[in-house]
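The structure appears below as structure tokens.
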Amino acid sequence: MEDKMDLLLKIYRGKLEDLYTFGSLVVVDKNGKIIFSKGNPDEISFPRSSAKLMQAMVPLSLGAVEKFNLSPKEVAQICASHSGEDFHIKTVSSILKKIGLDESYLKCGPHYPFKKDVTENMIKNNEKPRDIHNNCSGKHSGMLMSAIILKESLGDYYKIDHPVQKLITEMISNLCEFDITRDYISVDGCGVPVHALPLYNFAHGMAKLSDYDNLPENLSNPAKEIIEDISENSIYTSGSDRIDHLLIEKHKGELIVKSGANGYFGGLLPDKKYGFAIKTYDGNSETRNVILIHLLKKLGVIKKDEYEYYDKIADKTIRNHRGEKVGEIVPQF
């Protein structure tokens, strides 16, 4: 991999180069043509939470929306890496109630919410986090509804050999046209299988989701539902101050993005029928976000009159503790 590493960002302190961010990114159209790339498009990597749209395709393709009368907000929540805000917890609770379960069935593990003030308030009130506060609790509720529809066991829905997880592996493999064998499966932070595949294949899979009219009949409506529901309810898929929501809300109908852990970002452009994938080798979310914003500028999604707005969201300025500018981050593509 080292001979294919590419420099995505230079970070200056004063006039001297101080730090570097290496990585790879690729933009692919619905037919599999590479529109733009930097680094190694064939790098094998774990999309982590960027794959949640594809994971959510399983319950929706099994008829979960109709069977459980899911609202668009609940569909968006199934695709979420949520911030643990009150409306997130209420929506996951609503989903669980509709499928006849409670939060004790969740096996994602507890952690404090991503939203800082929510966590601070919980600590102040001596409230311990529960599994429902996990950013993946919406995704896990989607897996539980799949198990119910399939009449499979609930206590081990998160394990690699469970029928639900086998269907998810098959779904991602088919959409991305890549055979995901056991060697390419590990365990994600929330305990479920996580799948490794080339950046190119993941980006192509996202592009195919955006071209839902040309997916097989059983996948077309679920993909359309996911894209439309996230577009209208992106705050449920991420959080009120998260870059995913801010981008989708400002470019409603033009852009769907989904962050992943350890420097991954995936997304799709419904109008252009493009998909993309970004992976940074430092795994740093802040530099990854700068790369994402710069890529969206190059693709023309972010217009010049919006640069200032986004440069505040993904700040390229290096500052000291007094807020003074002491350096800057400079994209290299």
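To be explicit about the labels: the chains of the structure tokens are called A, B, and onward in the order shown, and within each one the residues are counted from 1, while ligands get numbers from 1 in the order they are shown.
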
Excluding Asp271 (chain A) and residues on its chain fewer than 3 positions from it, collect all residues at most 10 Å away from it, counting only C-alpha atoms, and give them as a ChimeraX atom specification.
/A:210-211,253-255,268,274

Output all heavy atoms for every residue in the selection just made, as a PDB file, in the first residue's frame.
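File produced: out_16.pdb:
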ATOM      1  N   SER A 210     -27.840   5.328  -5.915  1.00  0.00           N
ATOM      2  CA  SER A 210     -28.401   6.587  -6.420  1.00  0.00           C
ATOM      3  C   SER A 210     -29.174   6.371  -7.720  1.00  0.00           C
ATOM      4  O   SER A 210     -30.095   7.133  -8.045  1.00  0.00           O
ATOM      5  CB  SER A 210     -27.289   7.617  -6.641  1.00  0.00           C
ATOM      6  OG  SER A 210     -26.501   7.306  -7.778  1.00  0.00           O
ATOM      7  N   ASP A 211     -28.824   5.330  -8.457  1.00  0.00           N
ATOM      8  CA  ASP A 211     -29.496   4.995  -9.714  1.00  0.00           C
ATOM      9  C   ASP A 211     -30.544   3.915  -9.453  1.00  0.00           C
ATOM     10  O   ASP A 211     -30.612   2.902 -10.149  1.00  0.00           O
ATOM     11  CB  ASP A 211     -28.447   4.510 -10.727  1.00  0.00           C
ATOM     12  CG  ASP A 211     -29.014   4.340 -12.124  1.00  0.00           C
ATOM     13  OD1 ASP A 211     -29.900   5.130 -12.512  1.00  0.00           O
ATOM     14  OD2 ASP A 211     -28.572   3.404 -12.823  1.00  0.00           O
ATOM     15  N   GLY A 253     -31.526  16.886  -1.748  1.00  0.00           N
ATOM     16  CA  GLY A 253     -31.810  16.269  -3.038  1.00  0.00           C
ATOM     17  C   GLY A 253     -30.612  16.130  -3.943  1.00  0.00           C
ATOM     18  O   GLY A 253     -30.652  15.389  -4.923  1.00  0.00           O
ATOM     19  N   GLU A 254     -29.524  16.843  -3.623  1.00  0.00           N
ATOM     20  CA  GLU A 254     -28.314  16.793  -4.450  1.00  0.00           C
ATOM     21  C   GLU A 254     -27.226  15.902  -3.868  1.00  0.00           C
ATOM     22  O   GLU A 254     -26.335  15.452  -4.596  1.00  0.00           O
ATOM     23  CB  GLU A 254     -27.704  18.201  -4.596  1.00  0.00           C
ATOM     24  CG  GLU A 254     -28.545  19.226  -5.281  1.00  0.00           C
ATOM     25  CD  GLU A 254     -27.812  20.559  -5.302  1.00  0.00           C
ATOM     26  OE1 GLU A 254     -26.751  20.644  -5.960  1.00  0.00           O
ATOM     27  OE2 GLU A 254     -28.281  21.511  -4.648  1.00  0.00           O
ATOM     28  N   LEU A 255     -27.302  15.637  -2.561  1.00  0.00           N
ATOM     29  CA  LEU A 255     -26.164  15.021  -1.889  1.00  0.00           C
ATOM     30  C   LEU A 255     -26.622  14.196  -0.693  1.00  0.00           C
ATOM     31  O   LEU A 255     -27.444  14.642   0.101  1.00  0.00           O
ATOM     32  CB  LEU A 255     -25.207  16.119  -1.414  1.00  0.00           C
ATOM     33  CG  LEU A 255     -23.980  15.697  -0.600  1.00  0.00           C
ATOM     34  CD1 LEU A 255     -23.008  14.906  -1.460  1.00  0.00           C
ATOM     35  CD2 LEU A 255     -23.287  16.921  -0.009  1.00  0.00           C
ATOM     36  N   LEU A 268     -23.131   9.827  -1.991  1.00  0.00           N
ATOM     37  CA  LEU A 268     -23.649   9.704  -3.348  1.00  0.00           C
ATOM     38  C   LEU A 268     -24.293  11.014  -3.774  1.00  0.00           C
ATOM     39  O   LEU A 268     -24.750  11.806  -2.941  1.00  0.00           O
ATOM     40  CB  LEU A 268     -24.637   8.544  -3.446  1.00  0.00           C
ATOM     41  CG  LEU A 268     -25.852   8.525  -2.505  1.00  0.00           C
ATOM     42  CD1 LEU A 268     -27.039   9.264  -3.111  1.00  0.00           C
ATOM     43  CD2 LEU A 268     -26.246   7.097  -2.177  1.00  0.00           C
ATOM     44  N   TYR A 274     -23.491   9.615  -9.053  1.00  0.00           N
ATOM     45  CA  TYR A 274     -22.122   9.341  -8.637  1.00  0.00           C
ATOM     46  C   TYR A 274     -22.119   8.776  -7.223  1.00  0.00           C
ATOM     47  O   TYR A 274     -22.985   9.112  -6.403  1.00  0.00           O
ATOM     48  CB  TYR A 274     -21.279  10.619  -8.609  1.00  0.00           C
ATOM     49  CG  TYR A 274     -20.938  11.251  -9.930  1.00  0.00           C
ATOM     50  CD1 TYR A 274     -20.267  12.485  -9.956  1.00  0.00           C
ATOM     51  CD2 TYR A 274     -21.262  10.655 -11.142  1.00  0.00           C
ATOM     52  CE1 TYR A 274     -19.942  13.098 -11.157  1.00  0.00           C
ATOM     53  CE2 TYR A 274     -20.945  11.270 -12.347  1.00  0.00           C
ATOM     54  CZ  TYR A 274     -20.282  12.485 -12.347  1.00  0.00           C
ATOM     55  OH  TYR A 274     -19.956  13.099 -13.534  1.00  0.00           O
TER      56      TYR A 274
END

Give me, as a ChimeraX atom specification, all polymer residues having an atom no more than 10 Å from Lys297 (chain A), counting only C-alpha atoms and skipping those fewer than 5 positions away in the same chain.
/A:291-292,302-304,306-307,310

Residue selection dump (all heavy atoms) as a compact mmCIF listing (two decimals), in the first residue's frame:
# COMPACT_ATOMS: atom_id res chain seq x y z
N ILE A 291 -11.02 17.19 3.66
CA ILE A 291 -10.89 16.52 2.36
C ILE A 291 -12.25 16.39 1.70
O ILE A 291 -12.41 16.64 0.50
CB ILE A 291 -10.21 15.15 2.54
CG1 ILE A 291 -8.75 15.34 2.96
CG2 ILE A 291 -10.31 14.31 1.26
CD1 ILE A 291 -8.10 14.10 3.53
N LEU A 292 -13.26 16.00 2.47
CA LEU A 292 -14.62 15.87 1.94
C LEU A 292 -15.12 17.18 1.36
O LEU A 292 -15.62 17.22 0.22
CB LEU A 292 -15.57 15.41 3.05
CG LEU A 292 -17.07 15.44 2.71
CD1 LEU A 292 -17.41 14.44 1.62
CD2 LEU A 292 -17.91 15.21 3.96
N ILE A 302 -20.51 22.10 -3.95
CA ILE A 302 -20.36 23.33 -3.17
C ILE A 302 -19.90 24.43 -4.10
O ILE A 302 -18.85 24.34 -4.75
CB ILE A 302 -19.35 23.13 -2.03
CG1 ILE A 302 -19.87 22.08 -1.04
CG2 ILE A 302 -19.05 24.44 -1.33
CD1 ILE A 302 -18.89 21.73 0.06
N LYS A 303 -20.71 25.49 -4.20
CA LYS A 303 -20.41 26.61 -5.09
C LYS A 303 -19.51 27.63 -4.40
O LYS A 303 -19.41 27.66 -3.16
CB LYS A 303 -21.71 27.28 -5.52
CG LYS A 303 -22.74 26.33 -6.14
CD LYS A 303 -22.23 25.71 -7.42
CE LYS A 303 -23.33 24.97 -8.18
NZ LYS A 303 -23.85 23.79 -7.50
N LYS A 304 -18.87 28.49 -5.17
CA LYS A 304 -17.90 29.45 -4.63
C LYS A 304 -18.50 30.36 -3.57
O LYS A 304 -17.84 30.73 -2.61
CB LYS A 304 -17.28 30.27 -5.76
CG LYS A 304 -16.29 29.47 -6.60
CD LYS A 304 -15.54 30.35 -7.60
CE LYS A 304 -14.50 29.54 -8.35
NZ LYS A 304 -13.74 30.36 -9.33
N GLU A 306 -20.47 29.59 -1.40
CA GLU A 306 -20.68 28.81 -0.19
C GLU A 306 -19.38 28.43 0.50
O GLU A 306 -19.39 27.82 1.56
CB GLU A 306 -21.46 27.52 -0.52
CG GLU A 306 -22.84 27.78 -1.09
CD GLU A 306 -23.48 26.53 -1.65
OE1 GLU A 306 -22.76 25.69 -2.23
OE2 GLU A 306 -24.71 26.38 -1.49
N TYR A 307 -18.25 28.79 -0.12
CA TYR A 307 -16.94 28.38 0.42
C TYR A 307 -16.74 28.85 1.85
O TYR A 307 -16.27 28.10 2.71
CB TYR A 307 -15.80 28.91 -0.45
CG TYR A 307 -15.56 28.15 -1.73
CD1 TYR A 307 -16.47 27.19 -2.19
CD2 TYR A 307 -14.44 28.40 -2.52
CE1 TYR A 307 -16.26 26.50 -3.37
CE2 TYR A 307 -14.21 27.71 -3.69
CZ TYR A 307 -15.12 26.76 -4.12
OH TYR A 307 -14.90 26.08 -5.28
N TYR A 310 -18.62 26.74 4.44
CA TYR A 310 -18.06 25.40 4.67
C TYR A 310 -16.65 25.43 5.24
O TYR A 310 -16.24 24.50 5.94
CB TYR A 310 -18.11 24.58 3.38
CG TYR A 310 -19.51 24.08 3.11
CD1 TYR A 310 -20.26 24.57 2.05
CD2 TYR A 310 -20.09 23.12 3.93
CE1 TYR A 310 -21.55 24.12 1.81
CE2 TYR A 310 -21.37 22.66 3.71
CZ TYR A 310 -22.09 23.16 2.66
OH TYR A 310 -23.37 22.71 2.44

Excluding Gly263 (chain A) and any residue of its chain fewer than 6 positions from it, enumerate the residues within 7 Å of it, using only C-alpha atoms, and give them as a list in words.
Lys279, Thr280, Tyr281, Asp282, Gly283, Asn284, Ser285 and Arg288 of chain A

Go ahead and save the picked residues with all heavy atoms, as a PDB file, in the first residue's frame.
ATOM      1  N   LYS A 279     -10.764   7.665   2.257  1.00  0.00           N
ATOM      2  CA  LYS A 279     -10.107   7.024   3.403  1.00  0.00           C
ATOM      3  C   LYS A 279      -8.792   7.730   3.685  1.00  0.00           C
ATOM      4  O   LYS A 279      -7.940   7.846   2.811  1.00  0.00           O
ATOM      5  CB  LYS A 279      -9.852   5.539   3.103  1.00  0.00           C
ATOM      6  CG  LYS A 279      -8.988   4.824   4.139  1.00  0.00           C
ATOM      7  CD  LYS A 279      -9.667   4.718   5.497  1.00  0.00           C
ATOM      8  CE  LYS A 279      -8.773   3.943   6.483  1.00  0.00           C
ATOM      9  NZ  LYS A 279      -9.407   3.861   7.822  1.00  0.00           N
ATOM     10  N   THR A 280      -8.637   8.220   4.920  1.00  0.00           N
ATOM     11  CA  THR A 280      -7.365   8.812   5.329  1.00  0.00           C
ATOM     12  C   THR A 280      -6.616   7.811   6.197  1.00  0.00           C
ATOM     13  O   THR A 280      -7.212   7.075   6.981  1.00  0.00           O
ATOM     14  CB  THR A 280      -7.563  10.116   6.126  1.00  0.00           C
ATOM     15  OG1 THR A 280      -8.269   9.833   7.339  1.00  0.00           O
ATOM     16  CG2 THR A 280      -8.341  11.131   5.307  1.00  0.00           C
ATOM     17  N   TYR A 281      -5.293   7.797   6.048  1.00  0.00           N
ATOM     18  CA  TYR A 281      -4.482   6.829   6.784  1.00  0.00           C
ATOM     19  C   TYR A 281      -4.274   7.230   8.239  1.00  0.00           C
ATOM     20  O   TYR A 281      -3.939   6.385   9.066  1.00  0.00           O
ATOM     21  CB  TYR A 281      -3.130   6.627   6.087  1.00  0.00           C
ATOM     22  CG  TYR A 281      -3.265   6.079   4.686  1.00  0.00           C
ATOM     23  CD1 TYR A 281      -2.596   6.664   3.622  1.00  0.00           C
ATOM     24  CD2 TYR A 281      -4.082   4.978   4.426  1.00  0.00           C
ATOM     25  CE1 TYR A 281      -2.720   6.167   2.337  1.00  0.00           C
ATOM     26  CE2 TYR A 281      -4.224   4.481   3.147  1.00  0.00           C
ATOM     27  CZ  TYR A 281      -3.529   5.074   2.092  1.00  0.00           C
ATOM     28  OH  TYR A 281      -3.665   4.582   0.833  1.00  0.00           O
ATOM     29  N   ASP A 282      -4.459   8.508   8.557  1.00  0.00           N
ATOM     30  CA  ASP A 282      -4.313   8.911   9.963  1.00  0.00           C
ATOM     31  C   ASP A 282      -5.597   8.670  10.752  1.00  0.00           C
ATOM     32  O   ASP A 282      -5.603   8.735  11.986  1.00  0.00           O
ATOM     33  CB  ASP A 282      -3.872  10.376  10.085  1.00  0.00           C
ATOM     34  CG  ASP A 282      -4.845  11.374   9.463  1.00  0.00           C
ATOM     35  OD1 ASP A 282      -5.983  10.971   9.124  1.00  0.00           O
ATOM     36  OD2 ASP A 282      -4.473  12.546   9.320  1.00  0.00           O
ATOM     37  N   GLY A 283      -6.712   8.390  10.054  1.00  0.00           N
ATOM     38  CA  GLY A 283      -7.977   8.115  10.734  1.00  0.00           C
ATOM     39  C   GLY A 283      -8.571   9.315  11.439  1.00  0.00           C
ATOM     40  O   GLY A 283      -9.496   9.174  12.238  1.00  0.00           O
ATOM     41  N   ASN A 284      -8.078  10.509  11.130  1.00  0.00           N
ATOM     42  CA  ASN A 284      -8.496  11.727  11.817  1.00  0.00           C
ATOM     43  C   ASN A 284      -9.763  12.292  11.171  1.00  0.00           C
ATOM     44  O   ASN A 284      -9.785  12.591   9.977  1.00  0.00           O
ATOM     45  CB  ASN A 284      -7.354  12.758  11.758  1.00  0.00           C
ATOM     46  CG  ASN A 284      -7.644  14.007  12.548  1.00  0.00           C
ATOM     47  OD1 ASN A 284      -8.655  14.667  12.346  1.00  0.00           O
ATOM     48  ND2 ASN A 284      -6.755  14.352  13.458  1.00  0.00           N
ATOM     49  N   SER A 285     -10.815  12.446  11.969  1.00  0.00           N
ATOM     50  CA  SER A 285     -12.095  12.925  11.435  1.00  0.00           C
ATOM     51  C   SER A 285     -12.018  14.371  10.960  1.00  0.00           C
ATOM     52  O   SER A 285     -12.659  14.750   9.973  1.00  0.00           O
ATOM     53  CB  SER A 285     -13.198  12.777  12.476  1.00  0.00           C
ATOM     54  OG  SER A 285     -13.423  11.422  12.786  1.00  0.00           O
ATOM     55  N   ARG A 288     -10.231  14.461   7.625  1.00  0.00           N
ATOM     56  CA  ARG A 288     -11.135  13.785   6.680  1.00  0.00           C
ATOM     57  C   ARG A 288     -12.240  14.731   6.217  1.00  0.00           C
ATOM     58  O   ARG A 288     -12.597  14.764   5.039  1.00  0.00           O
ATOM     59  CB  ARG A 288     -11.747  12.564   7.369  1.00  0.00           C
ATOM     60  CG  ARG A 288     -12.812  11.828   6.579  1.00  0.00           C
ATOM     61  CD  ARG A 288     -13.745  11.062   7.504  1.00  0.00           C
ATOM     62  NE  ARG A 288     -14.525  11.946   8.365  1.00  0.00           N
ATOM     63  CZ  ARG A 288     -15.368  11.528   9.296  1.00  0.00           C
ATOM     64  NH1 ARG A 288     -15.540  10.239   9.513  1.00  0.00           N
ATOM     65  NH2 ARG A 288     -16.050  12.401  10.034  1.00  0.00           N
TER      66      ARG A 288
END

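By only C-alpha atoms, and with residues fewer than 3 positions from Gln77 (chain A) along its chain excluded, the set lying at most 6 Å from it is Glu74, Ala80, Gly138, Tyr236 and Thr237 of chain A.
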
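The shell of residues at most 12 Å from Asp156 (chain A), with only C-alpha atoms counted and near chain neighbours (fewer than 2 positions) removed, consists of Tyr105, Leu106, Lys107, Cys108, His140, Met143, Leu144, Ala147, Glu152, Ser153, Leu154, Tyr158, Lys159, Ile160, Asp161, His162, Pro163, Val164, Gln165, Gly191 and Val192 of chain A.
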
Selection from above, C-alpha atoms, as a short mmCIF file (atom, residue, chain, number, x, y, z; two decimals), in the first residue's frame, can you write it?
data_model
loop_
_atom_site.label_atom_id
_atom_site.label_comp_id
_atom_site.auth_asym_id
_atom_site.auth_seq_id
_atom_site.Cartn_x
_atom_site.Cartn_y
_atom_site.Cartn_z
CA TYR A 105 -32.84 -6.41 23.04
CA LEU A 106 -30.14 -4.04 21.71
CA LYS A 107 -26.65 -5.57 21.67
CA CYS A 108 -24.64 -2.56 20.47
CA HIS A 140 -29.37 -2.41 15.45
CA MET A 143 -31.33 -5.66 12.28
CA LEU A 144 -33.82 -6.75 14.94
CA ALA A 147 -34.77 -11.02 12.44
CA GLU A 152 -34.99 -15.88 13.36
CA SER A 153 -33.49 -15.68 16.86
CA LEU A 154 -33.17 -12.23 18.45
CA TYR A 158 -25.39 -9.37 15.78
CA LYS A 159 -23.21 -12.46 15.24
CA ILE A 160 -21.51 -13.22 11.93
CA ASP A 161 -23.35 -16.48 11.23
CA HIS A 162 -26.83 -15.14 12.00
CA PRO A 163 -29.10 -15.11 8.91
CA VAL A 164 -29.55 -11.33 9.19
CA GLN A 165 -25.79 -10.74 9.05
CA GLY A 191 -20.28 -5.60 17.81
CA VAL A 192 -21.72 -6.47 14.39
#

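Counting only C-alpha atoms and comparing A:Glu85, A:Glu328, A:Asp229, A:Asp42, the residue that lies closest to Asn121 (chain A) is A:Glu85.
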
Check the DSSP output for the backbone and give back, as a short mmCIF file (atom, residue, chain, number, x, y, z; two decimals) with C-alpha atoms, in the first residue's frame, the residues of region 17-193 of chain A in alpha helix (DSSP H).
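Ended up saving to selection38.cif:
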data_model
loop_
_atom_site.label_atom_id
_atom_site.label_comp_id
_atom_site.auth_asym_id
_atom_site.auth_seq_id
_atom_site.Cartn_x
_atom_site.Cartn_y
_atom_site.Cartn_z
CA LYS A 52 -25.20 1.83 7.03
CA LEU A 53 -27.31 2.72 4.00
CA MET A 54 -26.46 -0.65 2.48
CA GLN A 55 -27.11 -2.43 5.78
CA ALA A 56 -30.52 -0.73 6.00
CA MET A 57 -31.38 -2.08 2.56
CA VAL A 58 -31.92 -5.50 4.15
CA PRO A 59 -34.90 -4.71 6.44
CA LEU A 60 -36.45 -2.45 3.81
CA SER A 61 -36.10 -5.10 1.09
CA ALA A 64 -40.16 -3.57 7.03
CA VAL A 65 -41.66 -0.17 6.13
CA GLU A 66 -45.03 -1.69 5.31
CA LYS A 67 -45.03 -4.38 8.02
CA PHE A 68 -44.15 -2.00 10.87
CA PRO A 72 -39.54 8.52 7.07
CA LYS A 73 -37.80 9.71 10.26
CA GLU A 74 -37.59 6.12 11.49
CA VAL A 75 -36.11 4.96 8.19
CA ALA A 76 -33.49 7.71 8.44
CA GLN A 77 -32.79 6.61 12.03
CA ILE A 78 -32.08 3.03 10.93
CA ASP A 86 -33.52 13.38 22.80
CA PHE A 87 -35.27 13.03 19.44
CA HIS A 88 -32.85 10.24 18.46
CA ILE A 89 -33.57 8.26 21.63
CA LYS A 90 -37.33 8.78 21.24
CA THR A 91 -37.22 7.62 17.61
CA VAL A 92 -35.25 4.45 18.36
CA SER A 93 -37.68 3.76 21.22
CA SER A 94 -40.58 4.25 18.80
CA ILE A 95 -39.07 1.78 16.34
CA LEU A 96 -38.56 -0.82 19.06
CA LYS A 97 -42.14 -0.37 20.27
CA LYS A 98 -43.48 -0.86 16.74
CA LYS A 116 -21.21 17.11 24.12
CA ASP A 117 -23.92 18.96 26.02
CA VAL A 118 -26.10 15.84 26.16
CA THR A 119 -23.23 13.86 27.69
CA GLU A 120 -22.42 16.64 30.15
CA ASN A 121 -26.05 16.75 31.27
CA MET A 122 -26.14 12.96 31.73
CA ILE A 123 -22.96 13.04 33.83
CA LYS A 124 -24.33 15.94 35.88
CA SER A 137 -28.79 1.78 18.11
CA GLY A 138 -30.94 2.73 15.11
CA LYS A 139 -29.00 0.36 12.87
CA HIS A 140 -29.37 -2.41 15.45
CA SER A 141 -33.13 -1.83 15.62
CA GLY A 142 -33.18 -2.37 11.86
CA MET A 143 -31.33 -5.66 12.28
CA LEU A 144 -33.82 -6.75 14.94
CA MET A 145 -36.77 -6.05 12.66
CA SER A 146 -35.09 -8.15 9.96
CA ALA A 147 -34.77 -11.02 12.44
CA ILE A 148 -38.45 -10.70 13.35
CA ILE A 149 -39.58 -10.73 9.71
CA LEU A 150 -37.38 -13.77 9.02
CA PRO A 163 -29.10 -15.11 8.91
CA VAL A 164 -29.55 -11.33 9.19
CA GLN A 165 -25.79 -10.74 9.05
CA LYS A 166 -25.44 -13.17 6.16
CA LEU A 167 -28.07 -11.20 4.25
CA ILE A 168 -26.23 -7.94 4.96
CA THR A 169 -22.95 -9.41 3.69
CA GLU A 170 -24.76 -10.62 0.57
CA MET A 171 -26.41 -7.20 0.08
CA ILE A 172 -23.12 -5.29 0.26
CA SER A 173 -21.35 -7.85 -1.93
CA ASN A 174 -24.04 -7.62 -4.63
CA LEU A 175 -24.39 -3.83 -4.62
CA CYS A 176 -20.63 -3.32 -4.69
#

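Remark: for Tyr157 (chain A), the closest of the candidate residues A:Gly267, A:Gly260, A:Pro129, A:Pro193 is A:Pro193 (distances computed over only C-alpha atoms).
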
Which residues come within 10 Å of Leu209 (chain A), counting only C-alpha atoms, excluding same-chain residues fewer than 4 positions away, as a ChimeraX atom specification?
/A:30,53-54,57,175-176,203-205,213-215,219-220,222-224,226-227,268-270,273-275

Would you save the residues of that selection, restricted to C-alpha atoms, as an mmCIF file, in the first residue's frame?
data_model
loop_
_atom_site.group_PDB
_atom_site.id
_atom_site.type_symbol
_atom_site.label_atom_id
_atom_site.label_comp_id
_atom_site.auth_asym_id
_atom_site.auth_seq_id
_atom_site.Cartn_x
_atom_site.Cartn_y
_atom_site.Cartn_z
ATOM 1 C CA LYS A 30 -23.359 4.383 -12.008
ATOM 2 C CA LEU A 53 -27.310 2.719 3.998
ATOM 3 C CA MET A 54 -26.464 -0.650 2.480
ATOM 4 C CA MET A 57 -31.380 -2.075 2.556
ATOM 5 C CA LEU A 175 -24.391 -3.834 -4.616
ATOM 6 C CA CYS A 176 -20.631 -3.322 -4.689
ATOM 7 C CA ALA A 203 -18.120 4.036 -4.337
ATOM 8 C CA HIS A 204 -19.646 2.103 -7.244
ATOM 9 C CA GLY A 205 -22.173 0.535 -4.857
ATOM 10 C CA ASP A 213 -34.573 2.973 -10.958
ATOM 11 C CA ASN A 214 -32.151 0.519 -12.547
ATOM 12 C CA LEU A 215 -31.746 -1.724 -9.501
ATOM 13 C CA LEU A 219 -34.135 -3.212 -4.274
ATOM 14 C CA SER A 220 -35.368 -0.213 -6.252
ATOM 15 C CA PRO A 222 -35.908 0.466 -0.684
ATOM 16 C CA ALA A 223 -33.022 2.475 -2.173
ATOM 17 C CA LYS A 224 -35.399 5.264 -3.228
ATOM 18 C CA ILE A 226 -33.594 5.489 1.999
ATOM 19 C CA ILE A 227 -32.293 8.319 -0.184
ATOM 20 C CA LEU A 268 -23.649 9.704 -3.348
ATOM 21 C CA LEU A 269 -24.908 12.413 -5.683
ATOM 22 C CA PRO A 270 -28.471 11.460 -6.722
ATOM 23 C CA LYS A 273 -25.610 9.211 -10.171
ATOM 24 C CA TYR A 274 -22.122 9.341 -8.637
ATOM 25 C CA GLY A 275 -20.830 7.552 -5.573
#

DSSP on the backbone: which residues in region 30-75 of chain A end up as strand (DSSP E or B)? Give the answer as a VMD selection string.
chain A and resid 34 to 38 44 to 45

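Distances here use only C-alpha atoms; by that measure, the residue among A:Lys151, A:His133, A:Lys4, A:Lys15 closest to Cys190 (chain A) is A:His133.
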
note - CA of Asp18 (chain A) and CA of Gln332 (chain A) are separated by 14.5 Å

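Residue neighbourhood of Leu199 (chain A), excluding near-sequence residues (fewer than 3 positions): Ser24, Leu25, Val26, Val27, Val28, Asn40, Pro41, Asp42, Glu43, Ile44, Ser45, Phe46, Pro47, Cys176, Ala196, Phe202, Ala203, His204, Gly205, Tyr264, Gly266, Phe276, Ala277, Ile278 and Lys279 of chain A, at 10 Å, using only C-alpha atoms.
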